[in-house]
$ cat query-v2.cif   # mmCIF, C-alpha atoms and all ligand atoms
data_model
loop_
_atom_site.group_PDB
_atom_site.id
_atom_site.type_symbol
_atom_site.label_atom_id
_atom_site.label_comp_id
_atom_site.auth_asym_id
_atom_site.auth_seq_id
_atom_site.Cartn_x
_atom_site.Cartn_y
_atom_site.Cartn_z
ATOM 1 C CA MET A 1 135.092 111.992 83.446
ATOM 2 C CA ASP A 2 133.752 108.615 84.612
ATOM 3 C CA LYS A 3 130.924 107.725 82.197
ATOM 4 C CA ARG A 4 129.813 104.541 83.946
ATOM 5 C CA ALA A 5 126.086 104.500 84.779
ATOM 6 C CA VAL A 6 125.303 104.855 88.481
ATOM 7 C CA TYR A 7 121.505 105.046 88.246
ATOM 8 C CA ILE A 8 118.741 104.195 85.776
ATOM 9 C CA HIS A 9 115.778 106.569 85.615
ATOM 10 C CA ASN A 10 112.800 105.690 83.369
ATOM 11 C CA GLY A 11 114.998 103.199 81.523
ATOM 12 C CA LYS A 12 117.721 105.802 80.930
ATOM 13 C CA PRO A 13 121.160 105.067 82.444
ATOM 14 C CA MET A 14 122.798 108.138 84.000
ATOM 15 C CA HIS A 15 126.460 108.656 84.840
ATOM 16 C CA ARG A 16 127.417 110.299 88.110
ATOM 17 C CA SER A 17 127.317 114.003 87.259
ATOM 18 C CA GLU A 18 124.168 113.610 85.149
ATOM 19 C CA PHE A 19 122.477 111.731 88.007
ATOM 20 C CA GLU A 20 123.543 114.265 90.638
ATOM 21 C CA THR A 21 122.336 117.213 88.555
ATOM 22 C CA TRP A 22 119.003 115.446 87.970
ATOM 23 C CA ILE A 23 118.354 114.617 91.627
ATOM 24 C CA GLU A 24 119.529 118.014 92.929
ATOM 25 C CA ASN A 25 117.203 119.763 90.459
ATOM 26 C CA GLN A 26 114.300 117.593 91.622
ATOM 27 C CA VAL A 27 114.768 118.772 95.207
ATOM 28 C CA PHE A 28 115.513 122.395 94.305
ATOM 29 C CA SER A 29 112.319 122.674 92.272
ATOM 30 C CA GLU A 30 110.253 121.364 95.231
ATOM 31 C CA LEU A 31 111.945 123.929 97.493
ATOM 32 C CA ASP A 32 111.289 126.703 94.955
ATOM 33 C CA LYS A 33 107.645 125.673 94.832
ATOM 34 C CA PHE A 34 106.877 125.485 98.539
ATOM 35 C CA ILE A 35 109.290 127.775 100.442
ATOM 36 C CA LYS A 36 108.248 131.386 100.829
ATOM 37 C CA THR A 37 110.776 134.224 100.950
ATOM 38 C CA ASP A 38 110.110 134.915 104.626
ATOM 39 C CA ASP A 39 110.199 131.254 105.764
ATOM 40 C CA THR A 40 112.747 130.217 108.389
ATOM 41 C CA LEU A 41 113.776 126.602 107.866
ATOM 42 C CA ALA A 42 114.656 123.764 110.203
ATOM 43 C CA VAL A 43 115.479 120.265 108.959
ATOM 44 C CA ALA A 44 114.634 117.188 111.054
ATOM 45 C CA VAL A 45 117.662 114.910 110.880
ATOM 46 C CA SER A 46 118.439 111.417 112.067
ATOM 47 C CA GLY A 47 121.885 110.861 110.601
ATOM 48 C CA GLY A 48 120.470 108.402 108.052
ATOM 49 C CA LYS A 49 120.817 108.767 104.290
ATOM 50 C CA ASP A 50 117.475 110.485 103.593
ATOM 51 C CA SER A 51 117.690 113.263 106.149
ATOM 52 C CA THR A 52 121.413 113.837 105.531
ATOM 53 C CA PHE A 53 120.705 114.191 101.807
ATOM 54 C CA LEU A 54 117.820 116.559 102.542
ATOM 55 C CA LEU A 55 119.940 118.652 104.899
ATOM 56 C CA ASP A 56 122.705 118.904 102.323
ATOM 57 C CA MET A 57 120.247 119.902 99.554
ATOM 58 C CA VAL A 58 118.434 122.488 101.669
ATOM 59 C CA HIS A 59 121.734 123.944 102.873
ATOM 60 C CA THR A 60 123.063 124.264 99.299
ATOM 61 C CA TRP A 61 119.792 125.730 97.966
ATOM 62 C CA ASN A 62 119.646 128.153 100.870
ATOM 63 C CA GLU A 63 123.164 129.404 100.205
ATOM 64 C CA LEU A 64 122.473 129.751 96.469
ATOM 65 C CA LYS A 65 119.459 131.916 97.327
ATOM 66 C CA ASN A 66 121.420 133.875 99.916
ATOM 67 C CA ARG A 67 118.810 133.227 102.588
ATOM 68 C CA SER A 68 119.183 133.323 106.380
ATOM 69 C CA PRO A 69 120.857 130.173 107.823
ATOM 70 C CA ILE A 70 118.942 126.950 108.344
ATOM 71 C CA SER A 71 118.987 124.794 111.499
ATOM 72 C CA ALA A 72 119.117 121.035 111.925
ATOM 73 C CA ILE A 73 117.266 119.222 114.726
ATOM 74 C CA ILE A 74 118.049 115.752 115.985
ATOM 75 C CA ILE A 75 116.051 113.860 118.578
ATOM 76 C CA ASP A 76 117.999 111.430 120.722
ATOM 77 C CA GLU A 77 115.509 108.669 121.544
ATOM 78 C CA GLY A 78 118.056 106.747 123.596
ATOM 79 C CA ILE A 79 118.376 103.601 121.469
ATOM 80 C CA CYS A 80 121.568 101.859 122.468
ATOM 81 C CA GLY A 81 123.789 100.516 119.689
ATOM 82 C CA TYR A 82 122.154 102.791 117.102
ATOM 83 C CA ARG A 83 121.561 106.445 117.842
ATOM 84 C CA GLU A 84 125.007 107.200 119.327
ATOM 85 C CA PHE A 85 126.608 106.459 115.924
ATOM 86 C CA THR A 86 124.283 108.682 113.899
ATOM 87 C CA ILE A 87 124.642 111.541 116.398
ATOM 88 C CA LYS A 88 128.398 111.434 116.082
ATOM 89 C CA PHE A 89 128.159 111.437 112.285
ATOM 90 C CA LEU A 90 125.738 114.383 112.278
ATOM 91 C CA LYS A 91 127.827 116.461 114.660
ATOM 92 C CA ASP A 92 130.792 116.140 112.284
ATOM 93 C CA PHE A 93 128.639 116.755 109.188
ATOM 94 C CA CYS A 94 127.030 119.914 110.614
ATOM 95 C CA GLU A 95 130.341 121.219 111.903
ATOM 96 C CA GLN A 96 131.894 120.773 108.485
ATOM 97 C CA LYS A 97 128.966 122.537 106.740
ATOM 98 C CA LYS A 98 128.615 125.160 109.504
ATOM 99 C CA ILE A 99 124.990 124.256 110.200
ATOM 100 C CA LYS A 100 123.644 124.826 113.709
ATOM 101 C CA LEU A 101 122.521 121.498 115.186
ATOM 102 C CA TYR A 102 119.913 121.420 117.974
ATOM 103 C CA PHE A 103 119.258 118.434 120.245
ATOM 104 C CA ALA A 104 116.277 117.210 122.238
ATOM 105 C CA SER A 105 116.111 113.897 124.042
ATOM 106 C CA PHE A 106 113.522 111.446 125.301
ATOM 107 C CA GLU A 107 115.486 111.079 128.529
ATOM 108 C CA LYS A 108 115.324 114.791 129.305
ATOM 109 C CA GLU A 109 111.634 114.924 128.395
ATOM 110 C CA THR A 110 110.381 111.760 130.095
ATOM 111 C CA GLY A 111 113.155 110.772 132.526
ATOM 112 C CA ALA A 112 113.813 107.617 130.499
ATOM 113 C CA THR A 113 115.439 106.564 127.234
ATOM 114 C CA LEU A 114 113.309 104.726 124.658
ATOM 115 C CA ASP A 115 115.042 101.483 125.691
ATOM 116 C CA LYS A 116 113.884 102.042 129.300
ATOM 117 C CA ILE A 117 110.386 103.124 128.200
ATOM 118 C CA ILE A 118 110.025 99.848 126.238
ATOM 119 C CA GLU A 119 111.126 97.899 129.352
ATOM 120 C CA LYS A 120 108.468 99.706 131.419
ATOM 121 C CA ARG A 121 105.837 99.060 128.744
ATOM 122 C CA ASP A 122 106.604 95.335 128.738
ATOM 123 C CA ALA A 123 106.683 95.168 132.553
ATOM 124 C CA ASN A 124 103.231 96.821 132.594
ATOM 125 C CA LYS A 125 101.923 94.269 130.064
ATOM 126 C CA LEU A 126 101.213 96.992 127.491
ATOM 127 C CA THR A 127 103.305 95.471 124.696
ATOM 128 C CA ASN A 128 100.313 94.917 122.436
ATOM 129 C CA THR A 129 98.741 98.287 123.235
ATOM 130 C CA TYR A 130 101.699 100.514 122.363
ATOM 131 C CA GLY A 131 104.128 99.421 119.618
ATOM 132 C CA SER A 132 107.729 100.628 119.965
ATOM 133 C CA CYS A 133 107.451 102.788 116.846
ATOM 134 C CA THR A 134 104.146 104.277 118.045
ATOM 135 C CA ILE A 135 105.798 105.404 121.292
ATOM 136 C CA CYS A 136 108.915 106.589 119.500
ATOM 137 C CA GLY A 137 106.976 108.449 116.788
ATOM 138 C CA ALA A 138 104.706 110.229 119.276
ATOM 139 C CA PHE A 139 107.570 111.624 121.375
ATOM 140 C CA ARG A 140 109.692 112.395 118.344
ATOM 141 C CA ARG A 141 106.999 114.430 116.550
ATOM 142 C CA TYR A 142 106.255 116.252 119.812
ATOM 143 C CA LEU A 143 109.895 117.158 120.454
ATOM 144 C CA LEU A 144 110.546 118.071 116.838
ATOM 145 C CA ASN A 145 107.620 120.472 116.760
ATOM 146 C CA ARG A 146 108.550 122.082 120.073
ATOM 147 C CA THR A 147 112.226 122.443 119.152
ATOM 148 C CA ALA A 148 111.408 123.797 115.676
ATOM 149 C CA ARG A 149 109.159 126.394 117.268
ATOM 150 C CA LYS A 150 111.820 127.315 119.837
ATOM 151 C CA VAL A 151 114.417 127.932 117.125
ATOM 152 C CA GLY A 152 111.920 130.156 115.279
ATOM 153 C CA ALA A 153 111.286 127.874 112.285
ATOM 154 C CA THR A 154 108.194 128.483 110.165
ATOM 155 C CA LYS A 155 108.677 125.227 108.217
ATOM 156 C CA LEU A 156 110.046 121.921 109.448
ATOM 157 C CA LEU A 157 111.453 119.858 106.591
ATOM 158 C CA VAL A 158 111.427 116.076 106.901
ATOM 159 C CA GLY A 159 113.167 113.507 104.709
ATOM 160 C CA HIS A 160 110.361 111.040 103.901
ATOM 161 C CA ASN A 161 110.995 109.491 100.488
ATOM 162 C CA LEU A 162 108.589 107.951 97.969
ATOM 163 C CA ASP A 163 108.956 104.439 99.426
ATOM 164 C CA ASP A 164 108.195 105.716 102.971
ATOM 165 C CA GLU A 165 105.148 107.627 101.799
ATOM 166 C CA VAL A 166 103.629 104.715 99.875
ATOM 167 C CA GLN A 167 104.221 102.385 102.847
ATOM 168 C CA THR A 168 102.611 104.878 105.250
ATOM 169 C CA LEU A 169 99.695 105.505 102.919
ATOM 170 C CA LEU A 170 98.928 101.786 102.575
ATOM 171 C CA MET A 171 99.382 101.161 106.312
ATOM 172 C CA ASN A 172 96.920 103.961 107.108
ATOM 173 C CA LEU A 173 94.398 102.617 104.627
ATOM 174 C CA PHE A 174 94.801 99.030 105.893
ATOM 175 C CA VAL A 175 94.051 100.015 109.485
ATOM 176 C CA GLY A 176 91.237 102.375 108.457
ATOM 177 C CA ASN A 177 93.080 105.534 109.442
ATOM 178 C CA VAL A 178 91.480 107.556 106.659
ATOM 179 C CA GLY A 179 92.018 110.863 108.482
ATOM 180 C CA GLN A 180 95.797 110.357 108.458
ATOM 181 C CA ALA A 181 95.742 109.091 104.884
ATOM 182 C CA SER A 182 93.870 112.205 103.783
ATOM 183 C CA ARG A 183 96.796 114.352 104.997
ATOM 184 C CA LYS A 184 99.425 113.057 102.553
ATOM 185 C CA GLY A 185 101.262 115.240 100.051
ATOM 186 C CA GLU A 186 104.176 117.644 100.297
ATOM 187 C CA LEU A 187 102.660 119.854 102.991
ATOM 188 C CA ALA A 188 101.200 117.035 105.001
ATOM 189 C CA GLY A 189 99.107 117.444 108.083
ATOM 190 C CA VAL A 190 98.704 121.184 107.664
ATOM 191 C CA ILE A 191 96.427 122.291 110.417
ATOM 192 C CA LYS A 192 96.650 125.930 111.335
ATOM 193 C CA HIS A 193 97.638 126.344 114.967
ATOM 194 C CA VAL A 194 99.847 128.999 116.473
ATOM 195 C CA ASP A 195 102.114 126.402 118.127
ATOM 196 C CA PHE A 196 102.279 123.930 115.245
ATOM 197 C CA VAL A 197 105.161 124.274 112.767
ATOM 198 C CA VAL A 198 104.101 123.281 109.247
ATOM 199 C CA ARG A 199 105.856 120.123 107.989
ATOM 200 C CA PHE A 200 107.164 119.997 104.463
ATOM 201 C CA LYS A 201 108.337 116.805 102.725
ATOM 202 C CA PRO A 202 110.365 117.731 99.639
ATOM 203 C CA LEU A 203 111.511 114.146 98.903
ATOM 204 C CA ILE A 204 108.187 112.355 98.497
ATOM 205 C CA TRP A 205 108.644 111.907 94.735
ATOM 206 C CA LEU A 206 112.161 110.461 94.992
ATOM 207 C CA PRO A 207 112.656 106.689 95.314
ATOM 208 C CA GLU A 208 114.733 105.472 98.248
ATOM 209 C CA LYS A 209 117.145 103.878 95.790
ATOM 210 C CA ALA A 210 117.950 107.240 94.150
ATOM 211 C CA ILE A 211 118.667 108.874 97.516
ATOM 212 C CA ALA A 212 120.696 105.872 98.686
ATOM 213 C CA THR A 213 122.787 106.091 95.489
ATOM 214 C CA TYR A 214 123.471 109.791 96.040
ATOM 215 C CA ALA A 215 124.327 109.159 99.696
ATOM 216 C CA LEU A 216 126.666 106.314 98.853
ATOM 217 C CA LEU A 217 128.501 108.512 96.359
ATOM 218 C CA ASN A 218 128.681 111.596 98.561
ATOM 219 C CA TYR A 219 128.535 110.517 102.219
ATOM 220 C CA PRO A 220 130.116 107.045 102.341
ATOM 221 C CA GLU A 221 130.809 107.470 106.075
ATOM 222 C CA ILE A 222 127.079 107.433 107.042
ATOM 223 C CA PRO A 223 126.575 104.780 109.748
ATOM 224 C CA THR A 224 124.672 101.749 108.493
ATOM 225 C CA HIS A 225 123.340 100.551 111.877
ATOM 226 C CA GLU A 226 119.605 99.781 111.922
ATOM 227 C CA CYS A 227 117.220 100.565 114.731
ATOM 228 C CA PRO A 228 116.716 97.318 116.709
ATOM 229 C CA TYR A 229 112.952 97.989 116.979
ATOM 230 C CA LEU A 230 112.480 98.207 113.213
ATOM 231 C CA ARG A 231 112.036 94.476 112.769
ATOM 232 C CA GLU A 232 108.904 94.379 114.953
ATOM 233 C CA SER A 233 107.144 97.125 112.989
ATOM 234 C CA LEU A 234 104.370 96.708 110.411
ATOM 235 C CA ARG A 235 106.442 98.971 108.181
ATOM 236 C CA GLN A 236 108.980 96.222 107.587
ATOM 237 C CA THR A 237 106.273 93.920 106.225
ATOM 238 C CA MET A 238 104.860 96.749 104.129
ATOM 239 C CA ARG A 239 108.331 97.557 102.796
ATOM 240 C CA LYS A 240 108.774 93.989 101.599
ATOM 241 C CA MET A 241 105.329 93.949 100.040
ATOM 242 C CA THR A 242 105.777 97.222 98.132
ATOM 243 C CA ASN A 243 109.298 96.213 97.029
ATOM 244 C CA ASP A 244 107.880 92.985 95.573
ATOM 245 C CA LEU A 245 105.130 94.921 93.790
ATOM 246 C CA GLU A 246 107.695 97.349 92.378
ATOM 247 C CA VAL A 247 109.682 94.432 90.936
ATOM 248 C CA GLN A 248 106.560 92.980 89.309
ATOM 249 C CA TRP A 249 105.199 96.335 88.113
ATOM 250 C CA PRO A 250 108.031 98.857 87.674
ATOM 251 C CA GLY A 251 106.783 102.348 88.536
ATOM 252 C CA PHE A 252 104.176 100.966 90.972
ATOM 253 C CA ARG A 253 105.091 103.415 93.777
ATOM 254 C CA GLN A 254 105.077 106.486 91.529
ATOM 255 C CA LYS A 255 101.687 105.460 90.127
ATOM 256 C CA VAL A 256 100.186 104.883 93.584
ATOM 257 C CA MET A 257 101.453 108.226 94.884
ATOM 258 C CA ARG A 258 100.502 110.232 91.773
ATOM 259 C CA THR A 259 97.025 108.719 91.623
ATOM 260 C CA TYR A 260 96.532 109.302 95.320
ATOM 261 C CA VAL A 261 97.879 112.856 95.599
ATOM 262 C CA GLU A 262 96.599 114.179 92.274
ATOM 263 C CA LYS A 263 93.295 112.351 91.807
ATOM 264 C CA MET A 264 92.000 110.927 95.079
ATOM 265 C CA LEU A 265 93.278 113.407 97.650
ATOM 266 C CA PRO A 266 91.424 116.476 96.304
ATOM 267 C CA LYS A 267 88.151 114.506 96.523
ATOM 268 C CA LEU A 268 88.959 112.844 99.847
ATOM 269 C CA GLY A 269 90.157 116.101 101.405
ATOM 270 C CA LYS A 270 86.751 117.728 100.831
ATOM 271 C CA LYS A 271 84.927 114.803 102.466
ATOM 272 C CA ILE A 272 87.274 114.507 105.467
ATOM 273 C CA PRO A 273 87.910 117.964 106.870
ATOM 274 C CA CYS A 274 91.153 118.281 108.832
ATOM 275 C CA GLY A 275 90.299 118.046 112.502
ATOM 276 C CA LYS A 276 90.858 121.120 114.652
ATOM 277 C CA LEU A 277 93.999 121.107 116.754
ATOM 278 C CA LEU A 278 93.395 121.627 120.458
ATOM 279 C CA LYS A 279 95.724 122.518 123.328
ATOM 280 C CA CYS A 280 96.718 119.538 125.480
ATOM 281 C CA GLU A 281 95.195 119.944 128.955
ATOM 282 C CA VAL A 282 98.416 118.728 130.579
ATOM 283 C CA CYS A 283 101.274 120.322 128.627
ATOM 284 C CA SER A 284 99.486 122.928 126.444
ATOM 285 C CA GLU A 285 101.154 121.649 123.268
ATOM 286 C CA PRO A 286 98.995 121.151 120.119
ATOM 287 C CA ALA A 287 96.893 117.984 120.380
ATOM 288 C CA SER A 288 94.149 116.238 118.423
ATOM 289 C CA GLN A 289 92.508 115.019 121.672
ATOM 290 C CA LYS A 290 92.054 116.718 125.069
ATOM 291 C CA ILE A 291 95.323 115.079 126.181
ATOM 292 C CA CYS A 292 98.133 114.687 123.661
ATOM 293 C CA LYS A 293 99.608 111.266 122.889
ATOM 294 C CA PRO A 294 102.945 111.890 124.678
ATOM 295 C CA CYS A 295 101.142 112.970 127.882
ATOM 296 C CA GLU A 296 98.858 109.922 127.634
ATOM 297 C CA LEU A 297 101.950 107.708 127.270
ATOM 298 C CA LYS A 298 103.670 109.415 130.194
ATOM 299 C CA GLN A 299 100.653 108.741 132.390
ATOM 300 C CA LYS A 300 100.161 105.132 131.289
ATOM 301 C CA LEU A 301 103.856 104.254 131.504
ATOM 302 C CA ASN A 302 104.614 106.157 134.698
ATOM 303 C CA LEU A 303 107.057 108.575 133.117
ATOM 304 C CA LYS A 304 108.063 112.077 134.190
ATOM 305 C CA LEU A 305 105.212 114.473 133.392
HETATM 306 S S1 LIG A 401 112.246 102.086 113.802
HETATM 307 FE FE1 LIG A 401 110.650 102.697 115.242
HETATM 308 S S2 LIG A 401 111.681 102.773 117.226
HETATM 309 FE FE2 LIG A 401 113.277 102.793 115.662
HETATM 310 S S3 LIG A 401 113.734 104.969 115.326
HETATM 311 FE FE3 LIG A 401 112.189 104.328 113.802
HETATM 312 S S4 LIG A 401 110.214 104.834 114.762
HETATM 313 FE FE4 LIG A 401 111.782 104.841 116.388
#
$ encode --input "query-v2.cif" --output "structure tokens"
Amino acid sequence: MDKRAVYIHNGKPMHRSEFETWIENQVFSELDKFIKTDDTLAVAVSGGKDSTFLLDMVHTWNELKNRSPISAIIIDEGICGYREFTIKFLKDFCEQKKIKLYFASFEKETGATLDKIIEKRDANKLTNTYGSCTICGAFRRYLLNRTARKVGATKLLVGHNLDDEVQTLLMNLFVGNVGQASRKGELAGVIKHVDFVVRFKPLIWLPEKAIATYALLNYPEIPTHECPYLRESLRQTMRKMTNDLEVQWPGFRQKVMRTYVEKMLPKLGKKIPCGKLLKCEVCSEPASQKICKPCELKQKLNLKL
């Protein structure tokens, strides 16, 4: 057996099988904690390392428990030079593991790919009003929820890791979005609504580096292309900032997340009640305002309603 260390956790070097057992157990115990016997599971996938790892873990856990099959859902935003590679990878991965893969696309929903939507936004001088990731995120969450509901899922699992969660938390606090920040944690954004599928994030305690190591060892064929819109997002700046802080204060992210979820969130949650979800007046999907964000974007950017 190869005894070379592949990952260091809390100062302890781990060789490959020790590392894989550790990380798999971390995910399995989150699944044990939050999945009910009668839950039907769908995993949101992008073809990147985090969601592929999550899909693999959930699939394995599900088979060990002898549960009914899971589904995978991918949203094709229509980002040229990026998404076509991850879709191809996922099709092969799901075929090999015998996981049913469902698709939804921006083009089918709005009549335009994300690339075209961004062109329209710029032509309408709305570049500073709607960031690329804001548009992308709004349609993606919308389509994920609708597709998860259509396939009968009671929980939609998403692959946000510890680094993502700390970045999002700080971004929300920086821009004063306390309502969003108060909905962190494994079962984030839980608002009871008949049409809203509960989201579950089993990877929020795992550092990106640990998942990337596992992915490199087990799925070396994952495409490494980056979304071209990533560089204009605030997240990139936040990623750099939190990476620097982690180097200066090892364990910074874990401490921020633990303090937030375990100490601040219970107090914050009582002060900021989760808003009620409404039905969008245009499409009837769950919405926090009278008109949901995707319908607002469709109207403002002249897209198919
Ligand atoms: S980086 Fe932004 S535009 Fe690209 S896939 Fe992510 S959210 Fe969408």
$ resolve_selection --input "query-v2.cif" --expression "the PyMOL selection byres (((chain A and resi 235) around 10) and not hetatm)" --output "list in words"
Cys133, Asp164, Gln167, Thr168, Leu170, Met171, Leu230, Arg231, Glu232, Ser233, Leu234, Gln236, Thr237, Met238, Arg239, Lys240 and Met241 of chain A
$ atom_distance --input "query-v2.cif" --atom1 "atom CA of Gly152 of chain A" --atom2 "atom CA of Cys292 of chain A"
22.4 Å
$ closest_atom_pairs --input "query-v2.cif" --of "chain A" --to "ligand LIG 401 (chain A)" --cutoff "12 Å" --atoms "all atoms listed in the file" --output "tab-separated table"
residue	atom	partner	partner_atom	distance
A:Val45	CA	A:LIG401	S3	11.6
A:Ser46	CA	A:LIG401	S3	8.6
A:Gly47	CA	A:LIG401	S3	11.1
A:Gly48	CA	A:LIG401	S3	10.5
A:Ile74	CA	A:LIG401	S3	11.6
A:Ile75	CA	A:LIG401	S3	9.7
A:Asp76	CA	A:LIG401	S3	9.4
A:Glu77	CA	A:LIG401	FE4	7.4
A:Gly78	CA	A:LIG401	S3	9.5
A:Ile79	CA	A:LIG401	FE2	7.8
A:Cys80	CA	A:LIG401	FE2	10.8
A:Gly81	CA	A:LIG401	FE2	11.5
A:Tyr82	CA	A:LIG401	S3	8.9
A:Arg83	CA	A:LIG401	S3	8.4
A:Thr86	CA	A:LIG401	S3	11.3
A:Phe106	CA	A:LIG401	FE4	11.2
A:Thr113	CA	A:LIG401	S2	11.3
A:Leu114	CA	A:LIG401	S2	7.9
A:Asp115	CA	A:LIG401	S2	9.2
A:Ile117	CA	A:LIG401	S2	11.1
A:Ile118	CA	A:LIG401	S2	9.6
A:Tyr130	CA	A:LIG401	S2	11.5
A:Gly131	CA	A:LIG401	FE1	8.5
A:Ser132	CA	A:LIG401	S2	5.3
A:Cys133	CA	A:LIG401	FE1	3.6
A:Thr134	CA	A:LIG401	S4	6.9
A:Ile135	CA	A:LIG401	S2	7.6
A:Cys136	CA	A:LIG401	FE4	4.6
A:Gly137	CA	A:LIG401	S4	5.3
A:Ala138	CA	A:LIG401	S4	8.9
A:Phe139	CA	A:LIG401	FE4	9.4
A:Arg140	CA	A:LIG401	FE4	8.1
A:Arg141	CA	A:LIG401	S4	10.3
A:Asp164	CA	A:LIG401	FE3	11.6
A:His225	CA	A:LIG401	FE2	11.0
A:Glu226	CA	A:LIG401	S1	7.9
A:Cys227	CA	A:LIG401	FE2	4.6
A:Pro228	CA	A:LIG401	FE2	6.5
A:Tyr229	CA	A:LIG401	S2	5.0
A:Leu230	CA	A:LIG401	S1	3.9
A:Arg231	CA	A:LIG401	S1	7.7
A:Glu232	CA	A:LIG401	S1	8.5
A:Ser233	CA	A:LIG401	FE1	7.0
A:Leu234	CA	A:LIG401	FE1	9.9
A:Arg235	CA	A:LIG401	S1	8.7
A:Gln236	CA	A:LIG401	S1	9.1
$ atom_distance --input "query-v2.cif" --atom1 "atom CA of Phe85 of chain A" --atom2 "atom CA of Ile222 of chain A"
8.9 Å
$ resolve_selection --input "query-v2.cif" --expression "the PyMOL selection byres (((chain A and resi 254) around 10) and not hetatm)" --output "VMD selection string"
chain A and resid 162 to 163 166 204 to 207 246 250 to 253 255 to 260
$ write_last_selection --input "query-v2.cif" --atoms "C-alpha atoms" --output "compact mmCIF listing (two decimals), keeping the file's coordinate frame"
# COMPACT_ATOMS: atom_id res chain seq x y z
CA LEU A 162 108.59 107.95 97.97
CA ASP A 163 108.96 104.44 99.43
CA VAL A 166 103.63 104.72 99.88
CA ILE A 204 108.19 112.36 98.50
CA TRP A 205 108.64 111.91 94.74
CA LEU A 206 112.16 110.46 94.99
CA PRO A 207 112.66 106.69 95.31
CA GLU A 246 107.70 97.35 92.38
CA PRO A 250 108.03 98.86 87.67
CA GLY A 251 106.78 102.35 88.54
CA PHE A 252 104.18 100.97 90.97
CA ARG A 253 105.09 103.42 93.78
CA LYS A 255 101.69 105.46 90.13
CA VAL A 256 100.19 104.88 93.58
CA MET A 257 101.45 108.23 94.88
CA ARG A 258 100.50 110.23 91.77
CA THR A 259 97.02 108.72 91.62
CA TYR A 260 96.53 109.30 95.32
$ atom_distance --input "query-v2.cif" --atom1 "atom CA of Lys201 of chain A" --atom2 "atom CA of Val43 of chain A"
10.1 Å
$ resolve_selection --input "query-v2.cif" --expression "the PyMOL selection byres (((chain A and resi 35-37) around 10) and not hetatm)" --output "PyMOL selection string"
chain A and resi 30-34+38-41+65+67+154-155+200
$ residues_around --input "query-v2.cif" --residues "Thr147 of chain A" --least-positions-apart "3" --cutoff "8 Å" --atoms "all atoms listed in the file" --output "JSON, numbers by chain"
{"A": [73, 102, 104, 143, 144, 150, 151]}
$ write_last_selection --input "query-v2.cif" --atoms "C-alpha atoms" --output "short mmCIF file (atom, residue, chain, number, x, y, z; two decimals), keeping the file's coordinate frame"
data_model
loop_
_atom_site.label_atom_id
_atom_site.label_comp_id
_atom_site.auth_asym_id
_atom_site.auth_seq_id
_atom_site.Cartn_x
_atom_site.Cartn_y
_atom_site.Cartn_z
CA ILE A 73 117.27 119.22 114.73
CA TYR A 102 119.91 121.42 117.97
CA ALA A 104 116.28 117.21 122.24
CA LEU A 143 109.90 117.16 120.45
CA LEU A 144 110.55 118.07 116.84
CA LYS A 150 111.82 127.32 119.84
CA VAL A 151 114.42 127.93 117.12
#
$ closest_residue --input "query-v2.cif" --among "A:Val282, A:Val261, A:Ala42, A:Leu90" --to "Glu221 of chain A" --atoms "all atoms listed in the file"
A:Leu90
$ axis_aligned_box --input "query-v2.cif" --around "segment 223-236 of chain A" --padding-each-side "5 Å" --output "JSON"
{"center_x": 115.5, "center_y": 99.6, "center_z": 112.3, "size_x": 32.2, "size_y": 20.4, "size_z": 19.4}
$ residues_near_point --input "query-v2.cif" --point "(123.3, 121.6, 100.5)" --cutoff "12 Å" --atoms "only C-alpha atoms" --output "VMD selection string"
chain A and resid 24 to 25 27 to 28 31 43 51 to 65 69 to 70 93 to 94 96 to 99 218
$ closest_residue --input "query-v2.cif" --among "A:Pro266, A:Pro286, A:Pro294, A:Pro13" --to "Asp195 of chain A" --atoms "all atoms listed in the file"
A:Pro286
$ closest_residue --input "query-v2.cif" --among "A:Gln180, A:Tyr214, A:Asn145, A:Met14" --to "Glu165 of chain A" --atoms "only C-alpha atoms"
A:Gln180
$ closest_residue --input "query-v2.cif" --among "A:Leu217, A:Leu303, A:Val175, A:Leu126" --to "His15 of chain A" --atoms "only C-alpha atoms"
A:Leu217
$ closest_residue --input "query-v2.cif" --among "A:Val158, A:Asn302, A:Thr213, A:Lys116" --to "Arg16 of chain A" --atoms "only C-alpha atoms"
A:Thr213
